[in-house]
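K.L.:
Sharing target_30.tsv (TSV, C-alpha atoms) below.
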```
chain	number	residue	atom	x	y	z
A	169	SER	CA	-0.36	-111.17	-29.09
A	170	LEU	CA	-2.05	-110.90	-25.69
A	171	GLN	CA	1.29	-111.34	-23.91
A	172	GLY	CA	2.86	-108.58	-26.06
A	173	THR	CA	-0.03	-106.29	-25.30
A	174	LYS	CA	0.42	-106.81	-21.56
A	175	ASN	CA	4.14	-106.07	-21.83
A	176	THR	CA	3.42	-102.91	-23.80
A	177	VAL	CA	0.87	-101.77	-21.21
A	178	THR	CA	3.39	-102.35	-18.43
A	179	MET	CA	6.07	-100.35	-20.24
A	180	PHE	CA	3.65	-97.50	-20.90
A	181	ARG	CA	2.64	-97.38	-17.25
A	182	ALA	CA	6.27	-97.17	-16.16
A	183	ALA	CA	7.02	-94.41	-18.70
A	184	THR	CA	3.89	-92.48	-17.75
A	185	SER	CA	4.67	-92.75	-14.03
A	186	SER	CA	8.23	-91.57	-14.67
A	187	VAL	CA	7.04	-88.59	-16.75
A	188	VAL	CA	4.49	-87.59	-14.09
A	189	LYS	CA	7.03	-87.83	-11.29
A	190	ARG	CA	9.59	-85.75	-13.18
A	191	ALA	CA	7.00	-83.12	-14.08
A	192	VAL	CA	5.81	-82.87	-10.49
A	193	LEU	CA	9.34	-82.60	-9.16
A	194	ARG	CA	10.37	-79.94	-11.71
A	195	SER	CA	7.23	-77.92	-11.08
A	196	SER	CA	7.88	-78.19	-7.35
A	197	SER	CA	11.47	-77.03	-7.81
A	198	ARG	CA	10.29	-73.95	-9.74
A	199	GLY	CA	7.36	-72.97	-7.50
A	200	VAL	CA	8.55	-74.11	-4.06
A	201	PRO	CA	11.81	-73.23	-2.27
A	202	SER	CA	14.49	-75.84	-2.06
A	203	CYS	CA	13.89	-76.36	1.64
A	204	ALA	CA	10.41	-77.74	0.83
A	205	THR	CA	11.45	-80.01	-2.08
A	206	LEU	CA	14.42	-81.52	-0.25
A	207	PRO	CA	13.19	-82.31	3.25
A	208	GLY	CA	15.81	-84.98	3.67
A	209	GLN	CA	18.59	-82.42	3.42
A	210	MET	CA	17.11	-79.95	5.91
A	211	SER	CA	19.06	-79.54	9.14
A	212	PHE	CA	17.57	-78.07	12.26
A	213	HIS	CA	20.90	-77.72	14.03
A	214	ALA	CA	22.39	-74.28	14.61
A	215	SER	CA	25.76	-75.81	15.28
A	216	ALA	CA	28.27	-76.68	12.57
A	217	ARG	CA	27.98	-80.10	10.97
A	218	ARG	CA	30.51	-82.70	11.84
A	219	GLU	CA	33.03	-83.81	9.29
A	220	GLU	CA	31.56	-87.32	9.23
A	221	GLU	CA	28.11	-85.96	8.33
A	222	ALA	CA	29.57	-83.79	5.56
A	223	LYS	CA	31.38	-86.79	4.06
A	224	ALA	CA	28.30	-88.98	4.33
A	225	GLU	CA	26.23	-86.68	2.11
A	226	ALA	CA	25.90	-87.82	-1.49
A	227	LEU	CA	27.03	-85.49	-4.23
A	228	PRO	CA	24.12	-83.88	-6.12
A	229	VAL	CA	23.44	-85.31	-9.59
A	230	GLU	CA	23.74	-82.73	-12.29
A	231	SER	CA	20.64	-82.52	-14.45
A	232	LYS	CA	20.06	-80.49	-17.61
A	233	GLY	CA	16.38	-80.24	-16.79
A	234	GLY	CA	13.59	-80.25	-19.29
A	235	LEU	CA	12.01	-83.32	-20.89
A	236	PHE	CA	13.70	-86.53	-19.70
A	237	GLY	CA	16.80	-84.52	-18.80
A	238	THR	CA	17.38	-83.45	-22.43
A	239	GLY	CA	17.00	-79.74	-21.79
A	240	LEU	CA	13.83	-79.52	-23.91
A	241	SER	CA	10.68	-77.95	-22.52
A	242	GLU	CA	8.23	-80.24	-20.77
A	243	TRP	CA	5.50	-79.06	-23.12
A	244	PHE	CA	7.02	-81.29	-25.83
A	245	ALA	CA	5.68	-84.21	-23.82
A	246	LEU	CA	2.11	-83.26	-24.79
A	247	PRO	CA	2.40	-83.71	-28.62
A	248	ILE	CA	4.66	-86.68	-28.16
A	249	GLY	CA	2.17	-88.28	-25.81
A	250	VAL	CA	-0.75	-87.60	-28.13
A	251	ALA	CA	1.17	-88.88	-31.16
A	252	ALA	CA	2.12	-92.04	-29.25
A	253	ALA	CA	-1.29	-92.56	-27.64
A	254	VAL	CA	-3.29	-92.51	-30.89
A	255	PRO	CA	-1.64	-95.54	-32.54
A	256	MET	CA	-1.29	-97.34	-29.25
A	257	ILE	CA	-5.00	-97.01	-28.59
A	258	LYS	CA	-5.87	-97.61	-32.21
A	259	LEU	CA	-3.80	-100.77	-32.40
A	260	GLU	CA	-5.00	-101.73	-28.90
A	261	TRP	CA	-1.46	-101.79	-27.56
A	262	TYR	CA	-2.85	-99.99	-24.57
A	263	VAL	CA	-6.39	-100.77	-23.46
A	264	ILE	CA	-8.20	-98.05	-21.46
A	265	ASN	CA	-9.74	-99.87	-18.52
A	266	GLU	CA	-10.49	-99.30	-14.82
A	267	GLU	CA	-6.78	-99.02	-14.01
A	268	THR	CA	-6.45	-96.15	-16.44
A	269	GLN	CA	-9.44	-94.45	-14.86
A	270	LEU	CA	-7.95	-94.87	-11.37
A	271	LEU	CA	-4.66	-93.50	-12.69
A	272	ALA	CA	-6.43	-90.49	-14.19
A	273	VAL	CA	-8.33	-89.86	-10.96
A	274	PHE	CA	-5.14	-90.20	-8.94
A	275	LEU	CA	-3.27	-87.82	-11.23
A	276	ALA	CA	-6.14	-85.33	-11.06
A	277	PHE	CA	-6.11	-85.60	-7.28
A	278	CYS	CA	-2.34	-85.06	-7.12
A	279	VAL	CA	-2.48	-82.07	-9.48
A	280	THR	CA	-5.41	-80.54	-7.60
A	281	LEU	CA	-3.79	-81.09	-4.24
A	282	TYR	CA	-0.54	-79.60	-5.49
A	283	THR	CA	-2.11	-76.54	-7.12
A	284	GLN	CA	-4.75	-75.83	-4.47
A	285	GLY	CA	-3.22	-77.01	-1.21
A	286	GLY	CA	0.47	-77.14	-1.97
A	287	ASP	CA	1.17	-73.70	-0.54
A	288	ALA	CA	-0.79	-74.42	2.64
A	289	ILE	CA	1.02	-77.73	3.18
A	290	TYR	CA	4.37	-76.06	2.49
A	291	LYS	CA	3.63	-73.21	4.87
A	292	ALA	CA	2.51	-75.60	7.61
A	293	LEU	CA	5.63	-77.75	7.24
A	294	ASP	CA	7.89	-74.71	6.90
A	295	GLU	CA	6.35	-73.05	9.96
A	296	LYS	CA	6.87	-76.21	11.98
A	297	ALA	CA	10.47	-76.40	10.79
A	298	VAL	CA	11.06	-72.73	11.64
A	299	ASN	CA	9.57	-73.21	15.12
A	300	LEU	CA	11.70	-76.28	15.71
A	301	LEU	CA	14.78	-74.41	14.55
A	302	LYS	CA	13.90	-71.46	16.77
A	303	GLU	CA	13.36	-73.64	19.83
A	304	HIS	CA	16.57	-75.53	19.15
A	305	THR	CA	18.48	-72.28	18.70
A	306	GLU	CA	17.09	-70.84	21.93
A	307	ALA	CA	18.03	-74.01	23.82
A	308	GLU	CA	21.56	-73.88	22.40
A	309	GLU	CA	21.86	-70.18	23.28
A	310	LYS	CA	20.85	-70.94	26.85
A	311	VAL	CA	23.43	-73.72	27.03
A	312	ILE	CA	26.09	-71.42	25.54
A	313	ALA	CA	25.19	-68.65	28.01
A	314	ALA	CA	25.45	-71.10	30.92
A	315	LEU	CA	28.82	-72.34	29.68
A	316	GLU	CA	30.07	-68.76	29.26
A	317	HIS	CA	28.94	-67.94	32.79
A	318	LYS	CA	30.73	-71.01	34.09
A	319	LEU	CA	33.85	-70.02	32.13
A	320	GLU	CA	33.80	-66.55	33.69
A	321	TYR	CA	33.41	-68.11	37.13
A	322	LEU	CA	36.36	-70.42	36.53
A	323	LYS	CA	38.47	-67.52	35.26
A	324	ALA	CA	37.57	-65.49	38.34
A	325	ASN	CA	38.66	-68.38	40.57
A	326	GLN	CA	42.05	-68.83	38.93
A	327	ASN	CA	43.74	-66.98	41.82
A	328	MET	CA	41.91	-68.97	44.50
A	329	VAL	CA	45.07	-70.80	45.54
A	330	ASN	CA	46.97	-67.54	45.95
A	331	ASP	CA	44.09	-66.04	47.91
A	332	PHE	CA	44.00	-68.96	50.33
A	333	GLU	CA	47.77	-68.82	50.75
A	334	ALA	CA	47.53	-65.12	51.59
A	335	ILE	CA	44.72	-65.85	54.06
A	336	ASN	CA	46.78	-68.57	55.74
A	337	ALA	CA	49.78	-66.23	55.97
A	338	ILE	CA	47.64	-63.54	57.59
A	339	ARG	CA	46.17	-66.11	59.98
A	340	SER	CA	49.63	-67.31	61.03
A	341	ALA	CA	50.82	-63.74	61.62
A	342	THR	CA	47.69	-63.00	63.62
A	343	TYR	CA	48.18	-66.05	65.80
A	344	GLU	CA	51.78	-65.03	66.48
A	345	LYS	CA	50.67	-61.55	67.52
A	346	LEU	CA	47.93	-63.02	69.71
A	347	ASN	CA	50.42	-65.33	71.39
A	348	ALA	CA	52.77	-62.41	72.03
A	349	ALA	CA	49.91	-60.35	73.41
A	350	GLY	CA	48.74	-63.31	75.48
A	351	ALA	CA	52.14	-63.50	77.17
A	352	ILE	CA	51.98	-59.82	78.15
A	353	LYS	CA	48.29	-59.51	78.94
A	354	PRO	CA	48.42	-61.34	82.32
A	355	GLN	CA	51.10	-58.90	83.45
A	356	HIS	CA	48.91	-55.95	82.54
A	357	ASP	CA	45.94	-57.60	84.26
A	358	PHE	CA	48.00	-58.23	87.41
A	359	LYS	CA	49.21	-54.61	87.43
A	360	ALA	CA	45.63	-53.35	87.05
A	361	GLN	CA	44.46	-55.63	89.89
A	362	VAL	CA	47.23	-54.42	92.22
A	363	GLU	CA	46.42	-50.80	91.40
A	364	ARG	CA	42.76	-51.52	92.07
A	365	MET	CA	43.59	-52.91	95.54
A	366	LEU	CA	45.92	-50.01	96.39
A	367	ASN	CA	43.29	-47.47	95.42
A	368	MET	CA	40.74	-49.40	97.45
A	369	ILE	CA	43.03	-49.42	100.51
A	370	ALA	CA	43.77	-45.70	100.15
A	371	HIS	CA	40.08	-44.94	99.88
A	372	GLU	CA	39.25	-47.02	102.94
A	373	GLU	CA	42.04	-45.39	104.97
A	374	ALA	CA	40.85	-41.93	103.98
A	375	SER	CA	37.30	-42.90	104.92
A	376	VAL	CA	38.35	-44.28	108.31
A	377	THR	CA	40.51	-41.22	108.96
A	378	GLU	CA	37.65	-38.87	108.17
A	379	LYS	CA	35.29	-40.85	110.38
A	380	THR	CA	37.85	-40.77	113.22
A	381	LYS	CA	38.28	-37.02	112.87
A	382	VAL	CA	34.54	-36.46	113.01
A	383	ALA	CA	34.21	-38.72	116.03
A	384	LEU	CA	37.09	-36.99	117.85
A	385	MET	CA	35.72	-33.53	117.11
A	386	SER	CA	32.30	-34.57	118.36
A	387	GLU	CA	33.79	-36.04	121.52
A	388	ALA	CA	36.06	-33.00	122.04
A	389	THR	CA	33.18	-30.57	121.57
A	390	ALA	CA	31.02	-32.47	124.02
A	391	SER	CA	33.85	-32.70	126.58
A	392	VAL	CA	34.81	-28.98	126.36
A	393	THR	CA	31.18	-27.90	126.47
A	394	GLU	CA	30.56	-29.98	129.57
A	395	LYS	CA	33.73	-28.70	131.20
A	396	PHE	CA	32.88	-25.02	130.64
A	397	SER	CA	29.30	-25.58	131.72
A	398	SER	CA	30.34	-27.02	135.06
A	399	ASP	CA	33.25	-24.60	135.87
A	400	LYS	CA	32.28	-20.93	136.46
A	401	ALA	CA	35.88	-19.71	136.37
A	402	LEU	CA	36.41	-21.16	132.90
A	403	LYS	CA	33.14	-19.73	131.77
A	404	LYS	CA	34.15	-16.20	133.09
A	405	ALA	CA	37.60	-16.47	131.47
A	406	ALA	CA	36.06	-17.46	128.10
A	407	LEU	CA	33.63	-14.54	128.32
A	408	ASP	CA	36.40	-12.00	129.18
A	409	ALA	CA	38.55	-13.28	126.29
A	410	ALA	CA	35.65	-12.92	123.88
A	411	ILE	CA	34.90	-9.33	125.03
A	412	ALA	CA	38.54	-8.32	124.78
A	413	LYS	CA	38.78	-9.77	121.28
A	414	LEU	CA	35.71	-7.81	120.24
A	415	LYS	CA	37.15	-4.57	121.68
A	416	GLY	CA	40.42	-5.22	119.87
A	417	GLY	CA	42.51	-4.92	122.95
A	418	LYS	CA	45.32	-7.13	124.14
A	419	THR	CA	44.08	-10.61	124.97
A	420	GLY	CA	45.72	-13.54	126.60
A	421	ALA	CA	45.45	-17.20	125.73
A	422	ASP	CA	42.05	-18.38	124.53
A	423	PRO	CA	40.68	-20.70	127.24
A	424	VAL	CA	38.41	-22.54	124.77
A	425	GLN	CA	41.29	-23.29	122.39
A	426	ALA	CA	43.46	-24.29	125.29
A	427	ALA	CA	40.71	-26.67	126.46
A	428	PHE	CA	40.52	-28.34	123.01
A	429	VAL	CA	44.31	-28.67	122.79
A	430	GLN	CA	44.44	-30.17	126.23
A	431	PHE	CA	41.67	-32.63	125.30
A	432	PHE	CA	43.56	-33.89	122.22
A	433	LYS	CA	46.78	-34.19	124.23
A	434	ASP	CA	45.05	-36.23	126.87
A	435	LYS	CA	43.40	-38.35	124.17
A	436	ALA	CA	46.73	-39.04	122.44
A	437	ALA	CA	48.39	-39.93	125.70
A	438	ALA	CA	45.56	-42.26	126.60
A	439	ALA	CA	45.70	-43.96	123.20
A	440	LYS	CA	49.47	-44.36	123.49
A	441	ALA	CA	49.23	-45.83	126.90
A	442	SER	CA	46.34	-48.14	125.99
A	443	LYS	CA	47.14	-51.76	124.97
A	444	ASP	CA	43.68	-52.43	123.52
A	445	ASP	CA	43.99	-52.84	119.67
A	446	SER	CA	40.61	-54.56	119.12
A	447	GLU	CA	39.31	-51.61	117.15
A	448	GLU	CA	42.28	-51.67	114.78
A	449	LYS	CA	41.92	-55.44	114.32
A	450	ALA	CA	38.23	-55.10	113.59
A	451	GLN	CA	38.96	-52.42	110.98
A	452	ARG	CA	41.70	-54.57	109.40
A	453	GLU	CA	39.48	-57.66	109.29
A	454	ALA	CA	36.67	-55.68	107.68
A	455	MET	CA	39.13	-54.28	105.14
A	456	ILE	CA	40.54	-57.73	104.32
A	457	ALA	CA	37.07	-59.22	103.92
A	458	LYS	CA	36.06	-56.43	101.56
A	459	MET	CA	39.23	-56.84	99.44
A	460	ASN	CA	38.82	-60.63	99.24
A	461	ALA	CA	35.22	-60.21	98.14
A	462	VAL	CA	36.28	-57.86	95.33
A	463	ALA	CA	39.14	-60.18	94.28
A	464	LYS	CA	36.83	-63.20	94.15
A	465	ASN	CA	34.04	-61.46	92.24
A	466	GLU	CA	36.41	-59.96	89.64
A	467	GLY	CA	38.64	-63.05	89.27
A	468	PHE	CA	41.89	-61.58	90.59
A	469	PHE	CA	45.11	-63.58	90.53
A	470	PHE	CA	45.59	-63.19	94.28
A	471	GLU	CA	43.77	-62.86	97.59
A	472	PHE	CA	44.63	-61.94	101.21
A	473	ASP	CA	45.02	-64.14	104.27
A	474	ALA	CA	43.90	-63.31	107.79
A	475	GLN	CA	47.03	-61.19	108.47
A	476	GLY	CA	46.50	-59.20	105.25
A	477	ALA	CA	49.37	-60.81	103.33
A	478	PRO	CA	48.63	-61.42	99.62
A	479	LYS	CA	48.81	-64.94	98.17
A	480	MET	CA	48.24	-66.30	94.66
A	481	ALA	CA	44.81	-67.78	94.00
A	482	VAL	CA	44.82	-71.41	92.81
```
Could the structure of this file be written out as structure tokens, please?

P.N.:
Amino acid sequence: SLQGTKNTVTMFRAATSSVVKRAVLRSSSRGVPSCATLPGQMSFHASARREEEAKAEALPVESKGGLFGTGLSEWFALPIGVAAAVPMIKLEWYVINEETQLLAVFLAFCVTLYTQGGDAIYKALDEKAVNLLKEHTEAEEKVIAALEHKLEYLKANQNMVNDFEAINAIRSATYEKLNAAGAIKPQHDFKAQVERMLNMIAHEEASVTEKTKVALMSEATASVTEKFSSDKALKKAALDAAIAKLKGGKTGADPVQAAFVQFFKDKAAAAKASKDDSEEKAQREAMIAKMNAVAKNEGFFFEFDAQGAPKMAV
């Protein structure tokens, strides 16, 4: 009899535990969203599930709901429980002891926790899930944005090969033009250097000629002045010619002009008869030195020897 009583108590505990669990789950399914009652099925991924994950999920078990899945209201459990508990307690099939008290306290705690703190627990868990989903979504959006940027960069660089080929073609054409210009440029430089030397020689000759004219005129003026100062007849003839020219009458040859002409004739004859060319050599040497200095400073292709003949610079 004692063994049967123990078996009956064990069976009652199992049935009671099953009823309590089903009631709690059904109440949770009515008062709490599905995301809170099925945490195992929640997914925090914004991306699509893989085919293997979809196949791995178990098919949901269809349930009619109600009392023990019969479709009847859970409130039928109350009269059934009372009707079953009275004879069981009366016949001492189930003995109310400390285990029953602990069970009652535990059930009271569960019901109180569910009714008083269930919403707070749900909101805390749901808020954490929402934050995790938000963070995960933001991270995925950043990754997607980076991949899209990289895709745009790769698309923009599709014609890179053609661009480099065009650049190489332009470089080759430019080198050819530079080579052609390089073959002609020394000729232009040589022509410019020769023109520079010719202009320099012409300028020096003009300068020497002007200096010679000034020197000759100074010498001629001094010679004629001295000659007229020392000869009274020439002085009287120059004075008579000047007076006659002022009166507008007929005048003869101008003695002053005749003196200058005679001086230049004598000077030309003396220069022709003279064998001394030291002055000309000095002028030529100075000219050659000046031209060589210019050619060296400006990097000309040629220079001049002592006789004034040009030669290529090595």

K.L.:
Which residues are near Glu387 in chain A? Cut-off 12 Å, only C-alpha atoms, ignore same chain within fewer than 5 positions. Put them as a CSV table (one decimal) with C-alpha atoms, keeping the file's coordinate frame.

P.N.:
```
chain,number,residue,atom,x,y,z
A,380,THR,CA,37.8,-40.8,113.2
A,381,LYS,CA,38.3,-37.0,112.9
A,382,VAL,CA,34.5,-36.5,113.0
A,392,VAL,CA,34.8,-29.0,126.4
A,393,THR,CA,31.2,-27.9,126.5
A,394,GLU,CA,30.6,-30.0,129.6
A,428,PHE,CA,40.5,-28.3,123.0
A,431,PHE,CA,41.7,-32.6,125.3
A,432,PHE,CA,43.6,-33.9,122.2
A,435,LYS,CA,43.4,-38.4,124.2
```

K.L.:
What separation in Å, quoted to one decimal, exists between CA of Lys379 in chain A and CA of Asp444 in chain A?

P.N.:
19.4 Å

K.L.:
CA of Phe469 in chain A and CA of Phe358 in chain A are how many Å apart?

P.N.:
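Computing it gives 6.8 Å between the two atoms.
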
K.L.:
What's around Ala360 in chain A at 12 Å? Count all atoms listed in the file, leave out sequence neighbours fewer than 6 positions away in its own chain, and write the answer as a PyMOL selection string.

P.N.:
chain A and resi 353-354+366-367+463+466+468-469
